[in-house]
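These notes are about the structure you will find just below.
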Amino acid sequence: MQDALTQDTLTIAGVEYQSRLLVGTGKYRDFAQTREALDASGAQIVTVAIRRTNLGQNPGEPNLLDYLPADRFTLLPNTAGCYSADDAVRTLRLARELLDGHDLVKLEVLGDPHTLFPNMPETLKAAETLVKDGFKVMVYCTDDPIQSRMLEDIGCVAIMPLASLIGSGMGILNPWNLRLIIDQSKVPVLVDAGVGTASDAAIAMELGCDGVLMNTAIAGAQDPVRMARAMKKGVEAGRDAYLAGRVPKKLYSAAPSSPTEGMIGKAADSKATVGKAA
């Protein structure tokens, strides 16, 4: 199984990754626990909230980059906390300066501070500006197939529809829309937001998602490091099940799991019937 998963890579913006689990860096006890959980998850791409995390813009404070070596992790600066296209674009331009020209980013423009639901008109506007500015944009969005296609047409390198609200842990509430997005997309589709436990991650992968991004589900667990390890296994199991191809669901049509011919008792029943006839 491990050899097959090693050969089955996730490609984003022309770069191959072994892990299909992307993990956030917020809400942990400290940067040391963040690194321990990231190692347990096996994640190679990690998200960083530019407006909330010190990457060197605050001298004298602990710097997350001291715990994330560049040869081990690909940073994914995100615009968490932005509520307009202008704020998101400005934030990611700052990230590019802080990270020496880094151009792979995660765009999210929120529409409501209570639900953290995406503001799609502003998301589309920001995506268009960022792509024209040379960024490789992975984008958090609603599970709307039409707007997902619009984001892909703009040039986003990955579509990241929510499974449910950020931090809710509610899992996948609308698998049908996710499947529509997966079936139409030519770029990777990754579930972003709402995953609560390893089975949620496995279901997302079984649907055909290319990956899963999460933060709260790991950082908010009673044992974040152990949950990170569980999420790694859930993503791998779900992907392997998807590639294996599950049996079709059949209502009211039971099928024995083994052949019925030659079952013990069948031959004896047949002989008894013949004997009675004689």
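Residue names in the structure tokens use chain letters A, B, ... in the order shown, residue numbers from 1 in each chain, and ligand numbers from 1 in the order shown.
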
query = Which of segment 58-88 of chain A counts as strand (DSSP E) under DSSP, as a PyMOL selection string please?
reply = chain A and resi 74-78

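Using only C-alpha atoms, the contacts of segment 121-128 of chain A at a cut-off of 6 Å, with sequence neighbours closer than 4 positions omitted, comprise Ser84, Ala85, Val109 and Ile154 of chain A.
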
Same residues, N, CA and C atoms, saved as a PDB file, in the first residue's frame:
```pdb
ATOM      1  N   SER A  84     -12.138  41.814   2.272  1.00  0.00           N
ATOM      2  CA  SER A  84     -12.287  42.498   0.988  1.00  0.00           C
ATOM      3  C   SER A  84     -11.175  42.046   0.060  1.00  0.00           C
ATOM      4  N   ALA A  85     -11.409  42.193  -1.230  1.00  0.00           N
ATOM      5  CA  ALA A  85     -10.402  41.824  -2.225  1.00  0.00           C
ATOM      6  C   ALA A  85      -9.133  42.649  -2.033  1.00  0.00           C
ATOM      7  N   VAL A 109     -11.376  35.194   1.104  1.00  0.00           N
ATOM      8  CA  VAL A 109     -11.997  36.475   1.436  1.00  0.00           C
ATOM      9  C   VAL A 109     -13.316  36.158   2.129  1.00  0.00           C
ATOM     10  N   ILE A 154     -10.266  31.739 -14.350  1.00  0.00           N
ATOM     11  CA  ILE A 154      -9.402  32.881 -14.047  1.00  0.00           C
ATOM     12  C   ILE A 154      -7.936  32.469 -14.038  1.00  0.00           C
TER      13      ILE A 154
END
```

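Ranking A:Val212, A:Val225, A:Ala201, A:Cys141 by their shortest atom-to-atom distance to Ala237 of chain A, with only C-alpha atoms included, puts A:Ala201 first.
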
key: Residue contacts of segment 115-118 of chain A (7 Å, only C-alpha atoms) excluding same-chain residues fewer than 2 positions away, as a ChimeraX atom specification   = /A:108-113,120,141-142,165-166

Deliver the residues from the most recent selection as a file, using all heavy atoms, as an mmCIF file, in the first residue's frame.
```
data_model
loop_
_atom_site.group_PDB
_atom_site.id
_atom_site.type_symbol
_atom_site.label_atom_id
_atom_site.label_comp_id
_atom_site.auth_asym_id
_atom_site.auth_seq_id
_atom_site.Cartn_x
_atom_site.Cartn_y
_atom_site.Cartn_z
ATOM 1 N N GLU A 108 -8.393 33.553 0.650
ATOM 2 C CA GLU A 108 -9.721 33.441 1.242
ATOM 3 C C GLU A 108 -10.195 34.844 1.592
ATOM 4 O O GLU A 108 -9.483 35.615 2.223
ATOM 5 C CB GLU A 108 -9.741 32.527 2.471
ATOM 6 C CG GLU A 108 -8.802 32.893 3.608
ATOM 7 C CD GLU A 108 -8.880 31.909 4.764
ATOM 8 O OE1 GLU A 108 -8.229 30.861 4.693
ATOM 9 O OE2 GLU A 108 -9.590 32.205 5.753
ATOM 10 N N VAL A 109 -11.376 35.194 1.104
ATOM 11 C CA VAL A 109 -11.997 36.475 1.436
ATOM 12 C C VAL A 109 -13.316 36.158 2.129
ATOM 13 O O VAL A 109 -14.209 35.552 1.526
ATOM 14 C CB VAL A 109 -12.252 37.334 0.177
ATOM 15 C CG1 VAL A 109 -12.815 38.691 0.598
ATOM 16 C CG2 VAL A 109 -10.969 37.524 -0.625
ATOM 17 N N LEU A 110 -13.414 36.544 3.383
ATOM 18 C CA LEU A 110 -14.571 36.181 4.195
ATOM 19 C C LEU A 110 -15.689 37.209 4.056
ATOM 20 O O LEU A 110 -15.434 38.395 3.821
ATOM 21 C CB LEU A 110 -14.147 36.047 5.654
ATOM 22 C CG LEU A 110 -12.976 35.079 5.916
ATOM 23 C CD1 LEU A 110 -12.581 35.106 7.383
ATOM 24 C CD2 LEU A 110 -13.322 33.680 5.450
ATOM 25 N N GLY A 111 -16.910 36.724 4.222
ATOM 26 C CA GLY A 111 -18.046 37.610 4.094
ATOM 27 C C GLY A 111 -18.761 37.897 5.389
ATOM 28 O O GLY A 111 -19.588 38.812 5.457
ATOM 29 N N ASP A 112 -18.418 37.129 6.425
ATOM 30 C CA ASP A 112 -19.157 37.264 7.682
ATOM 31 C C ASP A 112 -18.269 36.789 8.830
ATOM 32 O O ASP A 112 -17.758 35.665 8.795
ATOM 33 C CB ASP A 112 -20.443 36.436 7.621
ATOM 34 C CG ASP A 112 -21.203 36.453 8.931
ATOM 35 O OD1 ASP A 112 -21.722 37.523 9.292
ATOM 36 O OD2 ASP A 112 -21.257 35.405 9.592
ATOM 37 N N PRO A 113 -18.057 37.618 9.864
ATOM 38 C CA PRO A 113 -17.160 37.228 10.956
ATOM 39 C C PRO A 113 -17.717 36.127 11.850
ATOM 40 O O PRO A 113 -16.962 35.482 12.586
ATOM 41 C CB PRO A 113 -16.988 38.538 11.749
ATOM 42 C CG PRO A 113 -18.207 39.342 11.439
ATOM 43 C CD PRO A 113 -18.572 38.994 10.033
ATOM 44 N N MET A 120 -17.941 35.504 -2.179
ATOM 45 C CA MET A 120 -17.516 35.054 -3.503
ATOM 46 C C MET A 120 -17.284 36.182 -4.504
ATOM 47 O O MET A 120 -16.333 36.111 -5.290
ATOM 48 C CB MET A 120 -18.494 34.015 -4.043
ATOM 49 C CG MET A 120 -18.416 32.673 -3.311
ATOM 50 S SD MET A 120 -16.721 32.030 -3.167
ATOM 51 C CE MET A 120 -16.287 31.847 -4.905
ATOM 52 N N CYS A 141 -13.387 28.574 -1.272
ATOM 53 C CA CYS A 141 -14.621 29.035 -1.904
ATOM 54 C C CYS A 141 -15.817 28.228 -1.404
ATOM 55 O O CYS A 141 -15.668 27.247 -0.674
ATOM 56 C CB CYS A 141 -14.518 28.920 -3.431
ATOM 57 S SG CYS A 141 -14.183 27.250 -4.029
ATOM 58 N N THR A 142 -17.007 28.661 -1.809
ATOM 59 C CA THR A 142 -18.206 27.892 -1.531
ATOM 60 C C THR A 142 -18.212 26.635 -2.392
ATOM 61 O O THR A 142 -17.417 26.497 -3.325
ATOM 62 C CB THR A 142 -19.464 28.723 -1.847
ATOM 63 O OG1 THR A 142 -19.449 29.063 -3.237
ATOM 64 C CG2 THR A 142 -19.514 29.989 -1.020
ATOM 65 N N LEU A 165 -18.706 24.885 7.639
ATOM 66 C CA LEU A 165 -18.097 26.136 8.085
ATOM 67 C C LEU A 165 -16.740 25.910 8.755
ATOM 68 O O LEU A 165 -16.502 24.893 9.414
ATOM 69 C CB LEU A 165 -19.035 26.850 9.059
ATOM 70 C CG LEU A 165 -20.380 27.305 8.486
ATOM 71 C CD1 LEU A 165 -21.180 28.012 9.567
ATOM 72 C CD2 LEU A 165 -20.199 28.197 7.266
ATOM 73 N N ILE A 166 -15.858 26.895 8.591
ATOM 74 C CA ILE A 166 -14.525 26.851 9.192
ATOM 75 C C ILE A 166 -14.641 26.610 10.698
ATOM 76 O O ILE A 166 -15.391 27.296 11.397
ATOM 77 C CB ILE A 166 -13.777 28.178 8.940
ATOM 78 C CG1 ILE A 166 -13.405 28.317 7.456
ATOM 79 C CG2 ILE A 166 -12.520 28.257 9.797
ATOM 80 C CD1 ILE A 166 -12.760 29.655 7.115
#
```

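The shell of residues at most 7 Å from Thr25 of chain A, with only C-alpha atoms counted and near chain neighbours (fewer than 6 positions) removed, consists of Thr34, Val46, Thr47, Val48 and Asn215 of chain A.
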
Write the residues you've just listed into a file as a compact mmCIF listing (two decimals), in the first residue's frame, and include N, CA and C atoms for each of them.
```txt
# COMPACT_ATOMS: atom_id res chain seq x y z
N THR A 34 3.26 22.97 17.36
CA THR A 34 2.93 23.09 15.94
C THR A 34 3.83 22.17 15.12
N VAL A 46 2.08 23.65 4.37
CA VAL A 46 1.50 24.16 5.61
C VAL A 46 1.06 25.60 5.40
N THR A 47 -0.13 25.92 5.88
CA THR A 47 -0.66 27.26 5.71
C THR A 47 -0.22 28.17 6.86
N VAL A 48 -0.05 29.45 6.52
CA VAL A 48 0.38 30.44 7.49
C VAL A 48 -0.49 31.68 7.33
N ASN A 215 -7.07 22.66 9.97
CA ASN A 215 -6.32 23.24 11.06
C ASN A 215 -6.98 22.92 12.41
```

message = What does the structure give for the distance between atom CA of Trp176 of chain A and atom CA of Ala13 of chain A, in Å to one decimal?
response = 26.5 Å

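From atom CA of Asp192 of chain A back to atom CA of Arg229 of chain A, the distance works out to 18.4 Å.
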
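Note that the spacing between atom CA of Ala95 of chain A and atom CA of Leu213 of chain A amounts to 19.8 Å.
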
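For Ile181 of chain A, the residues within 7 Å (counting only C-alpha atoms, excluding itself and residues fewer than 3 positions away along the chain) are Pro145, Ser148, Asn177, Leu178, Gln184 and Ser185 of chain A.
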
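Using only C-alpha atoms, the shortest contact distance between Gly155 of chain A and any of A:Leu98, A:Val187, A:Leu76, A:Leu21 is found at A:Val187.
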
key: Closest of A:Leu64, A:Cys156, A:Ile182, A:Met150 to Leu130 of chain A - atom-to-atom distances counting only C-alpha atoms   = A:Cys156

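In this comparison, which uses only C-alpha atoms, the residue of A:Leu94, A:Ala32, A:Ala80, A:Ala198 approaching Leu55 of chain A most closely is A:Leu94.
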
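Residue nearest Lys233 of chain A, chosen from A:Ala43, A:Met160, A:Met138, A:Val89 and counting only C-alpha atoms: A:Ala43.
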
request  = May I ask which of the residues A:Asn119, A:Gly134, A:Asp30, A:Arg226 is the closest one to Gln147 of chain A, counting only C-alpha atoms?
outcome  = A:Asn119

task = Just the helix (DSSP H, G or I) stuff from segment 32-275 of chain A, please, per backbone DSSP, written as a count of residues only.
result = 106
